[in-house]
Amino acid sequence: MKTLITTILLICTAAFTFAQNGDYSAQLDASVKKLDQAKSVADFQALEKTFVQMGNTRKTEWLPYYYAAFCNAKIGFLLQDDGEKIEPYSLRGEAQIKKSESLAKGDSRVLAEIYVVQAMIYRTRVFISPMTMGREFGPLSDQFLKKAQKLDAANPRATYLEAWTKYYTPKLWGGDKDLAKELAGKAIQKLPATAFSVMPHWGKAESEALLK
Amino acid sequence: MISNAFTTRLILMAGSLLLTLAARAQTRINGDITGPLGEPVPGAHIRMKGSQSGTIADSLGKFYFETDRRGNQTLVVSSLGFKTQQQTLTIADSTITLSITLDDAANTLEAVTVSAGSFEASDKAKGASLTPIDAYTVAGNGGDISNALRSLPGAQQVGEREGLFVRGGTSDETRMFVDGTLMKNPNYASVPGIMQPARINLFLFKGVLFNTGGYSALYGQAMSSALILESIDLPEKSSANFSVFPSNLGAGFQHLSKSGRSSYGGGLAYSNQGLYNKVVPQRPDYYHGPEYTSANANIRVTTGKTGILKAYVAFAESNIGMRNPDTDSSLLRSDFRLKNPNIYGTVSYRTDLGANWRLDAGMAYTFDKNMVHNRLLVGSNEPIALPNAPFSTKNSDITLRSHFAQGRAVFTRSFERNQAFRFGGETFSFRDIQHYNGTAATLRDQLSAVFMEGDIHLSENLAFRPGLRAEYSSLLRKAVVAPRASLGYRLATGSQLNLAYGVFYQKPENRYLFQNRNLGFSRSEHYVLNYSKKANNRFFRSEVYYKKYRNLVQTFPDITLAGDGYAKGLELFWRDKKTVRNLDYWLTYTYLDTKRRYLDYPESIRPSFTSPHTFTIAIKRFFQGISTNVNVSYSYAAGRPYYDIRAGGDAGTRIYDSGIARPYNVLNLHVSKMMTFFKKSKFKDYSGFAFGANNVLGTKQVFGYNYAYNGQFKTAITLPAPRFFFLGIFMSLGIDRTEDLLDQSQ
């Protein structure tokens, strides 16, 4: 009798834990799939909420915060002509990516992913007011991109961001549209056409946009 | 052994009992409340909508409570500093575990600030708010901050004089303050009918606050407007720069110490329009210059953790000789010769004193010598002295030596939620010695002031700034108290309603005090209502005001303070950086209704320096592909009134003739191409070419008329030449200052 109860309890606990894990994995899976389709500010806003909620529920995973920050970075890029409207997203994104970094446990390839998004977040800060914030946050963004590239030279998203920067920087300050296109092409080549995974795999559509 | 049947019955019984219990029992809801990044929110309130059940989260943000409700319910979670969140949930019989994330309340991002009556250009500006560079790069400003600000609402387009004429006030009613201390002579000494450039380089300032009314109690002695400038702190890097425009040469450097805690620098500028005037004929016949020479040096040192000491000293001299046809006789000419050396020095110090206190102190010194010789010429420029009026007064030698010193200290005690209390004092010491055809006269004045001001946040969306200022002049032997107050009310994120009120005193100009010292202060009172909205890289601002003048100087028949007047108006500002990419433009409209009884005016009339309608556009576009900036500005001002006022038959004066001058209409263009000359050098240079033209269309401008002594002739006051051009190169080594250099070299 005793063993029976113990067994039932054990099974229950295991099932419960499994259910919870399954819940998180399934939710993350679904959300990342949605993220792959997201286009509008509203899409990213809704997804950001979901990722934050997941992050706060699990507390120890870097990925949900990473994606939340990525959503905020994307919103910043979409709103780049809207000045001060970007600021709250940029600030939230910065806090989220720092949180993600603190949970990443020093894995260099993961850190490279994180720094790419951090570089994007600082780029959105420049959009708020290029004249006043560009001098501080432009170089900071470049710095994080370089950090990412140093940690993982094969990261296609770092290559994409470098292409973006080259594309939109005025010639005088080192911009080069041809080089940008070349880099965007390289970024696409680096992106593996493997099966779906929740790990960062964005960058194709973004790179293609630079080639148009 | 217990029988199987019994066991089955027992289980069934227990099961039904459990079911009944469950149906009656309360459902337990537990969970945790976190902030945006998973940090616990202790003390959050959690309750069911429309019921009493609920609880408060513990110190770890965890909570539980029980409810007997079933089905779809709404949970409301709130906590100070966070957005209240509603979450729907379906309650069945089993325990529910929730994890709820609250968002930061949007309003806590930025505190509401008081901004009636002021235009701020700051190096911290966001979106479509102005930055100093935005103001400096308005086409046609000639490197003069006052001129640059004429593209903002409230300022008049007065093409024949330097300075800012704000809301029915004269340019003497606007004062410029650098790090708190008065900059007494921001422009080279006035030349009749010709605007004079600024002595100081625009790019020394990182913050510009242009107050067109109702300004802070920390400043005084300006009845219309205070232009409050904040100088830059340490430079980012060491750098050197120079520019070569045919008639303007400039060079400067900044050296930042290795520790990054101090810097020094200096600059030289020399401008001689003589050659240019040979190529582009000018209306006055310039026989000297205009020539402007300036040199400056600065030191900046950080002290302790938060302190910075800044010192700046400059020498600047103008040297001009010109001849014009005499207004009273076509056979005669008048010769105007001016030499105006000036020394300006300022030291400012600011530091935190402990956690909540801050000190801002400053000293300034100015010596200005203004030498003017007027001669009447005949034939081939031979001087002539004619004993009868009006010619007897046309030969004169005037030298005015002005010494000015100021000391000032302001203490700030800061409180939570951006609240603060400021108080301090300042004293101004003036000594002016005038030699008029050999007769000397001296004026001395010690003007002292104490002031205090508070920033109070009455609620999250309401900020109140009351202030009080008391001033005493030893020359006038009068003390006055000036109350000030302003209010800012935030309607929504980015949109705000502002109110301002203030009383402003100013002592009469020296030219009147030399003749009568028994005058008091002139006085103005401002009422300002403002609405502004900033969103999505666009900025709209509207302001209405009423201004009342009392005790203005009257010069006829004697010098008294019997004058008065008013000004009221509406001003609009619209800036849009969003609609077209890389294109930034702003539009302003200024409506001004003003009249005053002042100087020799026989009655209350519209002053000749005011225009009822002013409209300006500033457009800037950066063409990225060719690294070229194109700036265009256009201003329109309805015609200004002009008068022939002379002594009448009786004791007073009379208006013998009057009219409205033609409207002012000016288009300015400025193009600059940026490039690098030495790509391979270890010192990267940021260089370029700049070209500019003021009054591109060559529109004839008439600002007013000078009348002959007897009113028989009038001479139009107009531009020295229909158009003004400049072309040159500039270079900066070590630091990208292309943006900055473009405009100082105009």
# chains A, B, ... in the order shown; residues from 1 in each chain; ligands from 1

$ interface_residues --of "chain B" --to "chain A" --cutoff "10 Å" --atoms "only C-alpha atoms" --output "MDAnalysis selection string"
chainID B and resid 31:40 98:104 106 109 122:134 493:494 534:538 577:582 622:628 674:676 686:687 736 739

$ select_by_dssp --residues "stretch 187-387 of chain B" --states "helix (DSSP H, G or I)" --output "JSON, numbers by chain"
{"B": [202, 203, 204, 274, 275, 276, 277, 278, 279]}

$ residues_around --residues "B:Leu377" --least-positions-apart "6" --cutoff "6 Å" --atoms "only C-alpha atoms" --output "CSV table (one decimal) with N, CA and C atoms, in the first residue's frame"
chain,number,residue,atom,x,y,z
B,332,LEU,N,27.0,117.1,-48.9
B,332,LEU,CA,27.8,116.7,-47.8
B,332,LEU,C,27.8,115.2,-47.6
B,333,ARG,N,28.8,114.7,-47.0
B,333,ARG,CA,28.8,113.3,-46.6
B,333,ARG,C,29.2,113.2,-45.1
B,334,SER,N,28.8,112.1,-44.5
B,334,SER,CA,29.1,111.9,-43.1
B,334,SER,C,30.1,110.8,-43.0
B,383,PRO,N,37.2,117.3,-44.2
B,383,PRO,CA,36.3,117.6,-43.0
B,383,PRO,C,35.8,119.1,-43.0
B,384,ILE,N,34.7,119.3,-42.6
B,384,ILE,CA,34.1,120.6,-42.5
B,384,ILE,C,33.3,120.8,-41.3

$ residues_around --residues "B:His288" --least-positions-apart "5" --cutoff "10 Å" --atoms "only C-alpha atoms" --output "number ranges by chain"
B: 272-274, 319-323, 337-338

$ write_last_selection --atoms "C-alpha atoms" --output "short mmCIF file (atom, residue, chain, number, x, y, z; two decimals), in the first residue's frame"
data_model
loop_
_atom_site.label_atom_id
_atom_site.label_comp_id
_atom_site.auth_asym_id
_atom_site.auth_seq_id
_atom_site.Cartn_x
_atom_site.Cartn_y
_atom_site.Cartn_z
CA ASN B 272 38.53 91.83 -43.00
CA GLN B 273 35.72 92.59 -45.40
CA GLY B 274 37.83 95.15 -47.31
CA ASN B 319 37.62 98.55 -36.56
CA ILE B 320 35.38 100.23 -39.08
CA GLY B 321 35.48 103.40 -41.14
CA MET B 322 32.69 104.35 -43.52
CA ARG B 323 31.17 107.27 -45.36
CA ARG B 337 34.79 105.87 -37.62
CA LEU B 338 34.55 103.21 -34.93
#

$ closest_residue --among "B:Thr90, B:Ser59, B:Ser225, B:Ser294" --to "B:Leu249" --atoms "only C-alpha atoms"
B:Ser294

$ closest_residue --among "A:Arg109, A:Lys39, A:Lys186, A:Lys147" --to "A:Met199" --atoms "only C-alpha atoms"
A:Arg109

$ residues_around --residues "stretch 69-75 of chain A" --least-positions-apart "2" --cutoff "8 Å" --atoms "only C-alpha atoms" --output "PDB file with C-alpha atoms, in the first residue's frame"
ATOM      1  CA  VAL A  41       5.027  46.803 -34.267  1.00  0.00           C
ATOM      2  CA  PHE A  44       6.395  42.393 -31.754  1.00  0.00           C
ATOM      3  CA  GLN A  45       4.696  44.128 -28.850  1.00  0.00           C
ATOM      4  CA  LEU A  47       5.318  38.678 -28.547  1.00  0.00           C
ATOM      5  CA  GLU A  48       7.508  40.730 -26.250  1.00  0.00           C
ATOM      6  CA  TYR A  65      14.661  37.644 -22.298  1.00  0.00           C
ATOM      7  CA  TYR A  66      16.832  37.517 -25.381  1.00  0.00           C
ATOM      8  CA  TYR A  67      13.742  37.295 -27.579  1.00  0.00           C
ATOM      9  CA  PHE A  77      14.065  49.658 -36.132  1.00  0.00           C
ATOM     10  CA  LEU A  78      10.469  49.831 -37.350  1.00  0.00           C
ATOM     11  CA  LEU A  79       9.912  53.166 -35.595  1.00  0.00           C
ATOM     12  CA  ILE A  86      11.454  54.657 -29.497  1.00  0.00           C
ATOM     13  CA  TYR A  89      11.292  50.224 -26.105  1.00  0.00           C
ATOM     14  CA  SER A  90      14.995  50.884 -26.262  1.00  0.00           C
ATOM     15  CA  ARG A  92      13.276  48.027 -21.864  1.00  0.00           C
ATOM     16  CA  GLY A  93      15.256  46.158 -24.465  1.00  0.00           C
ATOM     17  CA  GLU A  94      18.514  47.206 -22.868  1.00  0.00           C
ATOM     18  CA  GLN A  96      16.158  42.680 -20.918  1.00  0.00           C
ATOM     19  CA  ILE A  97      19.324  41.953 -22.873  1.00  0.00           C
ATOM     20  CA  VAL A 117      20.889  42.202 -30.078  1.00  0.00           C
ATOM     21  CA  MET A 120      20.846  46.636 -32.206  1.00  0.00           C
ATOM     22  CA  ILE A 121      19.337  48.093 -29.039  1.00  0.00           C
ATOM     23  CA  THR A 124      17.785  52.204 -31.751  1.00  0.00           C
TER      24      THR A 124
END

$ closest_residue --among "B:Tyr531, B:Tyr286, B:Gly180, B:Gly265" --to "B:Gly424" --atoms "only C-alpha atoms"
B:Gly180

$ residues_around --residues "B:Ile96" --least-positions-apart "3" --cutoff "10 Å" --atoms "only C-alpha atoms" --output "PDB file with C-alpha atoms, in the first residue's frame"
ATOM      1  CA  THR B  27     -10.437  27.288  -4.788  1.00  0.00           C
ATOM      2  CA  ARG B  28      -6.946  28.325  -3.931  1.00  0.00           C
ATOM      3  CA  ILE B  29      -5.225  30.803  -6.211  1.00  0.00           C
ATOM      4  CA  ASN B  30      -1.560  31.386  -5.740  1.00  0.00           C
ATOM      5  CA  GLY B  31       1.228  32.899  -7.725  1.00  0.00           C
ATOM      6  CA  TYR B  64      -2.285  33.165  -2.326  1.00  0.00           C
ATOM      7  CA  GLU B  66      -9.087  31.429  -1.781  1.00  0.00           C
ATOM      8  CA  LEU B  89      -8.823  33.295 -15.633  1.00  0.00           C
ATOM      9  CA  THR B  90     -11.214  30.393 -15.520  1.00  0.00           C
ATOM     10  CA  ILE B  91     -11.720  29.022 -12.059  1.00  0.00           C
ATOM     11  CA  ALA B  92     -12.655  25.396 -11.711  1.00  0.00           C
ATOM     12  CA  ASP B  93     -12.072  23.265  -8.648  1.00  0.00           C
TER      13      ASP B  93
END

$ select_by_dssp --residues "stretch 518-670 of chain B" --states "strand (DSSP E)" --output "number ranges by chain"
B: 522-535, 538-554, 560-576, 583-597, 613-623, 628-637, 641-647, 653-660, 664-670

$ write_last_selection --atoms "C-alpha atoms" --output "short mmCIF file (atom, residue, chain, number, x, y, z; two decimals), in the first residue's frame"
data_model
loop_
_atom_site.label_atom_id
_atom_site.label_comp_id
_atom_site.auth_asym_id
_atom_site.auth_seq_id
_atom_site.Cartn_x
_atom_site.Cartn_y
_atom_site.Cartn_z
CA SER B 522 11.46 100.36 -15.88
CA ARG B 523 9.04 97.50 -15.38
CA SER B 524 7.26 94.85 -17.37
CA GLU B 525 4.78 92.19 -16.40
CA HIS B 526 4.28 88.98 -18.40
CA TYR B 527 1.36 86.57 -18.63
CA VAL B 528 2.03 83.52 -20.77
CA LEU B 529 -0.12 80.55 -21.73
CA ASN B 530 1.45 77.76 -23.71
CA TYR B 531 0.46 74.43 -25.19
CA SER B 532 2.99 72.04 -26.67
CA LYS B 533 2.92 68.56 -28.06
CA LYS B 534 5.90 66.42 -28.99
CA ALA B 535 5.49 63.06 -30.63
CA ARG B 538 7.26 66.20 -34.62
CA PHE B 539 6.87 69.16 -32.34
CA PHE B 540 4.03 71.64 -32.14
CA ARG B 541 4.02 74.61 -29.84
CA SER B 542 1.64 77.51 -29.46
CA GLU B 543 1.78 80.37 -27.07
CA VAL B 544 -0.32 83.42 -26.29
CA TYR B 545 0.86 86.20 -24.02
CA TYR B 546 0.13 89.62 -22.66
CA LYS B 547 2.85 91.96 -21.54
CA LYS B 548 2.45 95.29 -19.80
CA TYR B 549 5.17 97.95 -19.68
CA ARG B 550 5.40 100.66 -17.06
CA ASN B 551 7.94 103.40 -16.37
CA LEU B 552 9.52 103.37 -19.81
CA VAL B 553 12.00 106.12 -20.57
CA GLN B 554 10.64 109.28 -22.18
CA THR B 560 11.59 110.79 -17.21
CA LEU B 561 10.06 107.38 -16.65
CA ALA B 562 6.57 108.45 -17.69
CA GLY B 563 6.29 106.04 -20.64
CA ASP B 564 4.22 102.89 -20.84
CA GLY B 565 3.03 100.31 -23.31
CA TYR B 566 1.80 96.81 -23.94
CA ALA B 567 2.41 93.85 -26.20
CA LYS B 568 0.22 90.88 -26.86
CA GLY B 569 0.37 88.15 -29.38
CA LEU B 570 0.16 84.62 -30.58
CA GLU B 571 3.05 82.43 -31.67
CA LEU B 572 3.11 79.10 -33.43
CA PHE B 573 5.92 76.66 -34.03
CA TRP B 574 5.89 73.42 -35.98
CA ARG B 575 8.80 71.14 -36.58
CA ASP B 576 8.72 67.90 -38.51
CA LEU B 583 14.64 66.35 -44.27
CA ASP B 584 14.11 68.53 -41.26
CA TYR B 585 12.04 71.69 -41.38
CA TRP B 586 10.33 74.08 -39.06
CA LEU B 587 7.77 76.81 -39.53
CA THR B 588 6.98 79.66 -37.23
CA TYR B 589 4.37 82.35 -37.15
CA THR B 590 4.49 85.34 -34.83
CA TYR B 591 1.60 87.73 -34.39
CA LEU B 592 2.43 90.85 -32.42
CA ASP B 593 0.16 93.68 -31.34
CA THR B 594 2.13 96.30 -29.45
CA LYS B 595 2.12 99.98 -28.73
CA ARG B 596 4.21 102.13 -26.47
CA ARG B 597 4.64 105.70 -25.37
CA HIS B 613 3.19 89.36 -38.68
CA THR B 614 6.37 87.36 -38.97
CA PHE B 615 6.70 84.05 -40.71
CA THR B 616 9.85 81.93 -40.93
CA ILE B 617 10.80 78.59 -42.47
CA ALA B 618 14.02 76.74 -41.86
CA ILE B 619 14.72 73.69 -44.00
CA LYS B 620 17.66 71.33 -43.72
CA ARG B 621 18.44 68.37 -45.84
CA PHE B 622 21.41 66.05 -45.77
CA PHE B 623 22.18 64.29 -49.04
CA THR B 628 26.26 67.40 -48.67
CA ASN B 629 24.12 69.53 -46.40
CA VAL B 630 21.70 72.00 -47.89
CA ASN B 631 20.12 74.51 -45.54
CA VAL B 632 17.56 77.04 -46.64
CA SER B 633 15.77 79.64 -44.59
CA TYR B 634 13.06 82.04 -45.55
CA SER B 635 11.63 84.88 -43.50
CA TYR B 636 8.77 87.19 -44.14
CA ALA B 637 7.81 90.10 -41.93
CA PRO B 641 6.01 101.44 -39.25
CA TYR B 642 8.28 104.47 -39.60
CA TYR B 643 7.84 107.99 -38.32
CA ASP B 644 9.20 111.49 -38.66
CA ILE B 645 8.99 112.69 -35.08
CA ARG B 646 10.21 116.19 -34.20
CA ALA B 647 9.50 118.93 -31.71
CA THR B 653 6.66 116.40 -30.19
CA ARG B 654 4.64 115.73 -33.32
CA ILE B 655 4.49 113.01 -35.94
CA TYR B 656 5.04 114.94 -39.16
CA ASP B 657 5.08 111.95 -41.40
CA SER B 658 4.59 108.24 -41.01
CA GLY B 659 4.15 105.16 -43.10
CA ILE B 660 4.64 101.45 -43.37
CA TYR B 664 10.81 92.11 -45.31
CA ASN B 665 11.34 89.10 -47.47
CA VAL B 666 14.56 87.14 -47.35
CA LEU B 667 15.76 83.79 -48.62
CA ASN B 668 19.08 82.44 -47.40
CA LEU B 669 20.96 79.43 -48.70
CA HIS B 670 23.81 77.46 -47.25
#

$ closest_residue --among "A:Glu113, A:Lys146, A:Thr165, A:Ala68" --to "A:Val32" --atoms "only C-alpha atoms"
A:Ala68

$ atom_distance --atom1 "atom CA of B:Pro341" --atom2 "atom CA of B:Gly266"
18.6 Å
